[in-house]
Amino acid sequence: MSNSLARNKDAIHKIKQETALNYLEIYWQITLNLLGKSDNPCVLKGEVWDEHVKLPLYQQANDKIGVAYIYCNKVLLSYWFENYSEAIENIAIAEKYLGAVISLPLVPLFHFYDSLVRLAVYPDTPQSEQQGILDRVRANQEKMQKWAHHAPMNHLHKFYLVEAERHRVLNQKVEAIEMYDKAIALAQENEYINEEALANELAAKFYLEWGKEKLAKPYLIDAYYAYARWGAKAKIDHLEQRYPQLLAAILQPNQTRQHPNETIHTSTNGSSSISSTNKTIIGSTSSSELVDLPTVIEASQALSSEIELEQLLTTLMQVVVKNAGAQTGALILNEDGNWRVAVHCTNRQDCHLDSLLVEESQAIPLSLINYVKRTKETLVFDNVSTQTTFASDSYIIQQQPKSVLCTPILHQGKVMGILYIENNLTIGAFTPDRVAILNILCSQAAISLQNARLYQQSQDYAQKLELYLHDLKQMQLQLVQGEKMSALGNLVAGVAHEINNPVGFIAGNLQPAQDYVGDLFHLIDLYQEKFPNPGVEIEAEIEEMDLEYLREDLPKLIGSMNEGVDRIRNISTSLRTFSRADSDRPVSFNIHDGLESTLLILKHRLKASEFRPAIEVVKEYGNLPLVKCFPGQLNQVFMNVLANAIDALEESNKGRSFNEIKALPNQITVQTALSESKNQVVIRIKDNGVGMSNEIKENIFNHLFTTKCVGQGTGLGLSIANQIVVEKHGGTLLVNSSLGQGSEFVISIPG
């Protein structure tokens, strides 16, 4: 349990859930207290948590939930270890914070222990105050009865246990006996091991108070074993110190059976006995048999500390083989209705994972396995060769095992696994005390197996969730990319379309205009020829307009207008090149057209401003063939990389004057070439900006990673670019950079 809490702590820490981590540490320390790893089990102070340091912090922060957790659990600890005065003090504080946890299971637990604590101090309370205690208990029980009505599996045994204690203080012995036994039976049925232990302990105290020591003894022993299965070593030590004589029988050295030819045939019906080889008696190992509890606790803790299913399986078999006196064995598990040998041990050290159907395995007696699976009974044979029932089993005939034990592992009444062990050297190897140990270990194994399976399921779900999250991120990238390209493409295409109309109109009218001007000049020449003396007024007008200059310059003007129209047409073509929609398959594309169109879109950012000179773009284009690609998406890559280069140069200009920048001008170099193998087109885009650290280089293509201020960058641009180059085109996108030396992005795609 402590190990699983440590793993949970690491997981919670990684996802930065500090509040949950603080609460987990409280329960971790409570667990350590119960494991006996604290000086005072009633004080939350140990290797994980210290109430003297942490509690004031919770109170200062007004963390009512945290304070409720602390004091409610201190109530439990102080009650378990019979520090009733401290329990009363803790109840008074916990009650103030109960409203903060109103919807949590802690609330019924508080009312349950509030009743138990007050009934524990009832005999020592002044008679004038006793009725107040009974009224308080009655109010608690009314709540508990409502909860028990809706969820009897969780609350009914609690209700009966408080009723038993109430009858005890009122000296109603017959009613108390019935209530104790009901509480024990229901706690056992619903697998509340801790409250099964508590109910047995309180029943034992009841009988001791009555003077019935012989009746108290089995209840106390059952309490001891239940606390052992729960793993509460501190509570076991408490019982040993409190009742050493009543527990003397189970604290003395192990005893073995006197007759090695005896056979134990066990079921789950609650009785027990041992018979001779020729008689089979159905029963179960009693808790009064002698068991080495330190060994049980150590083995039980070894099982409870494992959460990984595969590791748990091997640990389980190693623990069982070691503590049951076996040589070999197998663990059979029910996997969705298929019974498989999960682990097979050839000796005490060599246990390996398996996944063989029981019908195909040669390592187990199939008839014994089927019998236990069907009846849920435990079979223990001191000398299996004398048994006639299973004599025809092929495994028994071939292997001739001597001592054999086969037992079900039950969880909520269902067989989740079967344990088979044998000893080929000794007759009577599986003594009653070893069977008792095995019963306890199987109880812990059932819980651990269920937890491990749930953990494995949670890991599987987490892995699926991670895959779904990855797919979602990819979809997000694609949507962002599509929307961004669509929006930009629509804008650019719209601008290009709007330009085309007036440009076409102007281009269509320039030639006729030039012809008209030529005709007018011809007419003027003819007039001058026919009328050499036009008069003073006309000569003055000719001199004013400088007819000779107009005759020379007007054709040039119209020619420059033609050149302007051609340039606008080229811009429009570049805009359409940039905004072209991609088809569902690659098409041949001129990489240089894509680069030129992208630089044109970004031209407004390259121009000089009042703060800096123009950013110089150096083009070193190689002789490239047309490339099969998705042009629109590749243009998006060029856009992101070039825009980032401009951003880096702007960043490097901060704190520098115009003249300082002019002395070391901003520059972007765009190079294209074929790779040495001639099968890759390589585009290098380099700036002389600030460069980047190794940490930034490692994360630069990660989803949502950005070094820009909030509102200035999304962390999607280069992630999208990387996806387009790598996943869409089967190429690579690399970055070479160091601080102060600028950055170079290298795009390589198949040529």
# chains A, B, ... in the order shown; residues from 1 in each chain; ligands from 1
>>> residues_around(residues="A:Glu175", least_positions_apart="4", cutoff="8 Å", atoms="only C-alpha atoms", output="ChimeraX atom specification")
/A:164,167,179
>>> residues_around(residues="stretch 394-410 of chain A", least_positions_apart="3", cutoff="6 Å", atoms="only C-alpha atoms", output="short mmCIF file (atom, residue, chain, number, x, y, z; two decimals) with N, CA and C atoms, in the first residue's frame")
data_model
loop_
_atom_site.label_atom_id
_atom_site.label_comp_id
_atom_site.auth_asym_id
_atom_site.auth_seq_id
_atom_site.Cartn_x
_atom_site.Cartn_y
_atom_site.Cartn_z
N PRO A 365 -2.60 -31.23 -12.16
CA PRO A 365 -3.61 -32.29 -12.24
C PRO A 365 -4.97 -31.66 -12.57
N LYS A 376 -15.49 -24.76 -5.11
CA LYS A 376 -14.89 -23.68 -4.32
C LYS A 376 -14.32 -24.20 -3.00
N THR A 378 -11.23 -26.23 -0.67
CA THR A 378 -9.78 -26.41 -0.61
C THR A 378 -9.47 -27.88 -0.38
N LEU A 379 -8.58 -28.43 -1.20
CA LEU A 379 -8.14 -29.82 -1.06
C LEU A 379 -6.72 -29.85 -0.53
N VAL A 380 -6.50 -30.60 0.56
CA VAL A 380 -5.15 -30.80 1.10
C VAL A 380 -4.94 -32.30 1.29
N PHE A 381 -3.99 -32.88 0.57
CA PHE A 381 -3.71 -34.31 0.67
C PHE A 381 -2.30 -34.51 1.22
N ASP A 382 -2.21 -35.24 2.34
CA ASP A 382 -0.89 -35.56 2.91
C ASP A 382 -0.16 -36.59 2.08
N ASN A 383 -0.89 -37.49 1.47
CA ASN A 383 -0.29 -38.52 0.63
C ASN A 383 -1.26 -38.80 -0.50
N VAL A 384 -1.09 -38.11 -1.62
CA VAL A 384 -2.07 -38.16 -2.69
C VAL A 384 -2.15 -39.53 -3.34
N GLY A 413 -17.14 -13.86 -3.45
CA GLY A 413 -17.81 -15.13 -3.65
C GLY A 413 -17.54 -15.81 -4.97
N LYS A 414 -16.78 -15.17 -5.85
CA LYS A 414 -16.48 -15.75 -7.16
C LYS A 414 -15.02 -16.22 -7.19
N VAL A 415 -14.81 -17.34 -7.90
CA VAL A 415 -13.45 -17.88 -8.02
C VAL A 415 -12.72 -17.10 -9.11
N MET A 416 -11.75 -16.28 -8.69
CA MET A 416 -10.97 -15.52 -9.65
C MET A 416 -9.66 -16.23 -10.01
N GLY A 417 -9.28 -17.21 -9.19
CA GLY A 417 -8.06 -17.95 -9.45
C GLY A 417 -8.01 -19.22 -8.62
N ILE A 418 -7.09 -20.10 -8.97
CA ILE A 418 -6.88 -21.35 -8.23
C ILE A 418 -5.39 -21.52 -8.01
N LEU A 419 -5.04 -21.85 -6.78
CA LEU A 419 -3.64 -22.04 -6.41
C LEU A 419 -3.37 -23.53 -6.24
N TYR A 420 -2.36 -24.03 -6.94
CA TYR A 420 -1.98 -25.44 -6.81
C TYR A 420 -0.51 -25.52 -6.43
N ILE A 421 -0.21 -26.23 -5.30
CA ILE A 421 1.18 -26.43 -4.89
C ILE A 421 1.37 -27.88 -4.47
N GLU A 422 2.62 -28.33 -4.52
CA GLU A 422 2.90 -29.71 -4.13
C GLU A 422 4.31 -29.82 -3.56
N ASN A 423 4.50 -30.88 -2.80
CA ASN A 423 5.81 -31.22 -2.24
C ASN A 423 6.05 -32.69 -2.55
N ASN A 424 7.08 -32.98 -3.32
CA ASN A 424 7.34 -34.35 -3.77
C ASN A 424 8.28 -35.12 -2.86
N ILE A 427 5.74 -36.34 2.99
CA ILE A 427 4.32 -36.61 3.25
C ILE A 427 3.88 -35.71 4.40
N GLY A 428 2.71 -35.10 4.27
CA GLY A 428 2.21 -34.22 5.32
C GLY A 428 2.92 -32.89 5.38
N ALA A 429 3.37 -32.39 4.22
CA ALA A 429 4.12 -31.12 4.21
C ALA A 429 3.23 -29.93 4.55
N CYS A 442 -4.12 -15.98 0.71
CA CYS A 442 -5.08 -16.01 -0.40
C CYS A 442 -6.08 -14.87 -0.29
N ALA A 446 -6.35 -12.16 -3.23
CA ALA A 446 -7.57 -11.81 -3.95
C ALA A 446 -7.71 -10.30 -4.08
#
>>> select_by_dssp(residues="stretch 69-290 of chain A", states="strand (DSSP E)", output="list in words")
Ile264, His265, Thr266, Ile282 and Gly283 of chain A
>>> closest_residue(among="A:Leu554, A:Val321, A:Ala216, A:Ala342", to="A:Tyr516", atoms="only C-alpha atoms")
A:Leu554
>>> closest_residue(among="A:Leu733, A:Glu620, A:Ser458, A:Ala614", to="A:Ile720", atoms="only C-alpha atoms")
A:Leu733
>>> closest_residue(among="A:Val169, A:Ala185, A:Glu163, A:Gly740", to="A:Thr125", atoms="only C-alpha atoms")
A:Val169
>>> closest_residue(among="A:Lys74, A:Leu161, A:Glu529, A:Gln59", to="A:Tyr27", atoms="only C-alpha atoms")
A:Lys74
>>> residues_around(residues="stretch 690-702 of chain A", least_positions_apart="3", cutoff="8 Å", atoms="only C-alpha atoms", output="VMD selection string")
chain A and resid 648 to 649 651 to 652 705 to 706 715 718 to 719 722 735 737 to 743
>>> write_last_selection(atoms="all heavy atoms", output="compact mmCIF listing (two decimals), in the first residue's frame")
# COMPACT_ATOMS: atom_id res chain seq x y z
N ALA A 648 12.70 36.77 -35.21
CA ALA A 648 13.99 36.64 -34.53
C ALA A 648 14.84 37.88 -34.76
O ALA A 648 15.54 38.37 -33.85
CB ALA A 648 14.72 35.39 -35.02
N LEU A 649 14.80 38.44 -35.99
CA LEU A 649 15.57 39.66 -36.28
C LEU A 649 15.00 40.85 -35.51
O LEU A 649 15.76 41.69 -35.00
CB LEU A 649 15.55 39.93 -37.78
CG LEU A 649 16.31 38.90 -38.64
CD1 LEU A 649 16.06 39.13 -40.12
CD2 LEU A 649 17.81 38.96 -38.34
N GLU A 651 13.54 40.69 -32.68
CA GLU A 651 13.96 40.48 -31.29
C GLU A 651 15.41 40.93 -31.09
O GLU A 651 15.75 41.55 -30.07
CB GLU A 651 13.80 39.00 -30.92
CG GLU A 651 14.13 38.66 -29.47
CD GLU A 651 13.11 39.23 -28.49
OE1 GLU A 651 11.97 39.51 -28.91
OE2 GLU A 651 13.48 39.41 -27.32
N SER A 652 16.27 40.64 -32.07
CA SER A 652 17.69 41.01 -31.96
C SER A 652 17.89 42.53 -32.04
O SER A 652 18.91 43.05 -31.60
CB SER A 652 18.50 40.32 -33.05
OG SER A 652 18.19 40.86 -34.33
N PHE A 705 4.25 24.83 -28.12
CA PHE A 705 5.45 25.44 -27.53
C PHE A 705 5.73 26.76 -28.23
O PHE A 705 5.78 26.83 -29.46
CB PHE A 705 6.65 24.50 -27.66
CG PHE A 705 7.93 25.11 -27.13
CD1 PHE A 705 8.20 25.10 -25.78
CD2 PHE A 705 8.83 25.73 -27.99
CE1 PHE A 705 9.36 25.67 -25.28
CE2 PHE A 705 10.00 26.31 -27.50
CZ PHE A 705 10.26 26.27 -26.14
N THR A 706 5.93 27.82 -27.45
CA THR A 706 6.27 29.11 -28.02
C THR A 706 7.13 29.89 -27.04
O THR A 706 7.01 29.73 -25.83
CB THR A 706 4.99 29.92 -28.35
OG1 THR A 706 5.38 31.19 -28.92
CG2 THR A 706 4.14 30.17 -27.12
N GLY A 715 2.18 28.80 -30.71
CA GLY A 715 2.93 27.55 -30.56
C GLY A 715 2.50 26.49 -31.56
O GLY A 715 2.80 25.32 -31.39
N LEU A 718 5.35 26.20 -36.14
CA LEU A 718 6.42 25.27 -36.47
C LEU A 718 5.98 23.83 -36.26
O LEU A 718 6.49 22.92 -36.91
CB LEU A 718 7.67 25.58 -35.64
CG LEU A 718 8.38 26.88 -36.05
CD1 LEU A 718 9.56 27.16 -35.13
CD2 LEU A 718 8.85 26.82 -37.50
N SER A 719 5.04 23.61 -35.34
CA SER A 719 4.50 22.26 -35.17
C SER A 719 3.76 21.83 -36.43
O SER A 719 3.92 20.70 -36.90
CB SER A 719 3.57 22.22 -33.96
OG SER A 719 3.01 20.94 -33.80
N ASN A 722 6.35 21.24 -39.21
CA ASN A 722 7.02 19.95 -39.04
C ASN A 722 6.12 18.81 -39.51
O ASN A 722 6.56 17.86 -40.17
CB ASN A 722 7.41 19.76 -37.58
CG ASN A 722 8.26 18.53 -37.36
OD1 ASN A 722 9.35 18.41 -37.90
ND2 ASN A 722 7.76 17.59 -36.57
N VAL A 735 16.70 22.19 -37.34
CA VAL A 735 17.12 23.54 -37.00
C VAL A 735 18.55 23.50 -36.48
O VAL A 735 18.91 22.64 -35.68
CB VAL A 735 16.18 24.18 -35.95
CG1 VAL A 735 16.14 23.37 -34.67
CG2 VAL A 735 16.57 25.63 -35.66
N SER A 737 21.21 26.05 -34.64
CA SER A 737 21.23 27.38 -34.00
C SER A 737 22.05 27.33 -32.74
O SER A 737 22.21 26.28 -32.11
CB SER A 737 19.80 27.81 -33.66
OG SER A 737 19.79 29.09 -33.07
N SER A 738 22.56 28.49 -32.37
CA SER A 738 23.19 28.69 -31.07
C SER A 738 22.98 30.15 -30.70
O SER A 738 22.79 31.01 -31.58
CB SER A 738 24.69 28.33 -31.11
OG SER A 738 25.35 29.08 -32.11
N LEU A 739 23.00 30.44 -29.42
CA LEU A 739 22.72 31.79 -28.95
C LEU A 739 23.69 32.80 -29.55
O LEU A 739 24.90 32.61 -29.53
CB LEU A 739 22.78 31.83 -27.42
CG LEU A 739 21.61 31.17 -26.69
CD1 LEU A 739 21.88 31.12 -25.19
CD2 LEU A 739 20.31 31.93 -26.97
N GLY A 740 23.10 33.89 -30.10
CA GLY A 740 23.92 34.96 -30.66
C GLY A 740 24.42 34.70 -32.07
O GLY A 740 25.06 35.56 -32.66
N GLN A 741 24.14 33.52 -32.63
CA GLN A 741 24.67 33.16 -33.95
C GLN A 741 23.58 32.96 -35.00
O GLN A 741 23.84 32.49 -36.09
CB GLN A 741 25.49 31.85 -33.84
CG GLN A 741 26.66 31.93 -32.88
CD GLN A 741 27.67 32.98 -33.30
OE1 GLN A 741 28.02 33.09 -34.47
NE2 GLN A 741 28.13 33.78 -32.34
N GLY A 742 22.35 33.33 -34.67
CA GLY A 742 21.27 33.17 -35.62
C GLY A 742 20.77 31.73 -35.68
O GLY A 742 21.25 30.85 -34.96
N SER A 743 19.80 31.51 -36.57
CA SER A 743 19.19 30.19 -36.70
C SER A 743 19.04 29.83 -38.17
O SER A 743 18.80 30.70 -39.02
CB SER A 743 17.80 30.15 -36.04
OG SER A 743 17.89 30.49 -34.67
>>> residues_around(residues="A:Leu595", least_positions_apart="5", cutoff="9 Å", atoms="only C-alpha atoms", output="JSON, numbers by chain")
{"A": [578, 600, 635, 638, 639, 670]}
>>> select_by_dssp(residues="stretch 89-269 of chain A", states="alpha helix (DSSP H)", output="VMD selection string")
chain A and resid 89 to 96 106 to 121 127 to 150 152 to 169 173 to 189 193 to 210 213 to 230 233 to 242 248 to 251
>>> closest_residue(among="A:Leu186, A:Lys143, A:Lys233, A:Ser103", to="A:Leu32", atoms="only C-alpha atoms")
A:Lys233
>>> atom_distance(atom1="atom CA of A:Glu360", atom2="atom CA of A:Arg374")
19.0 Å
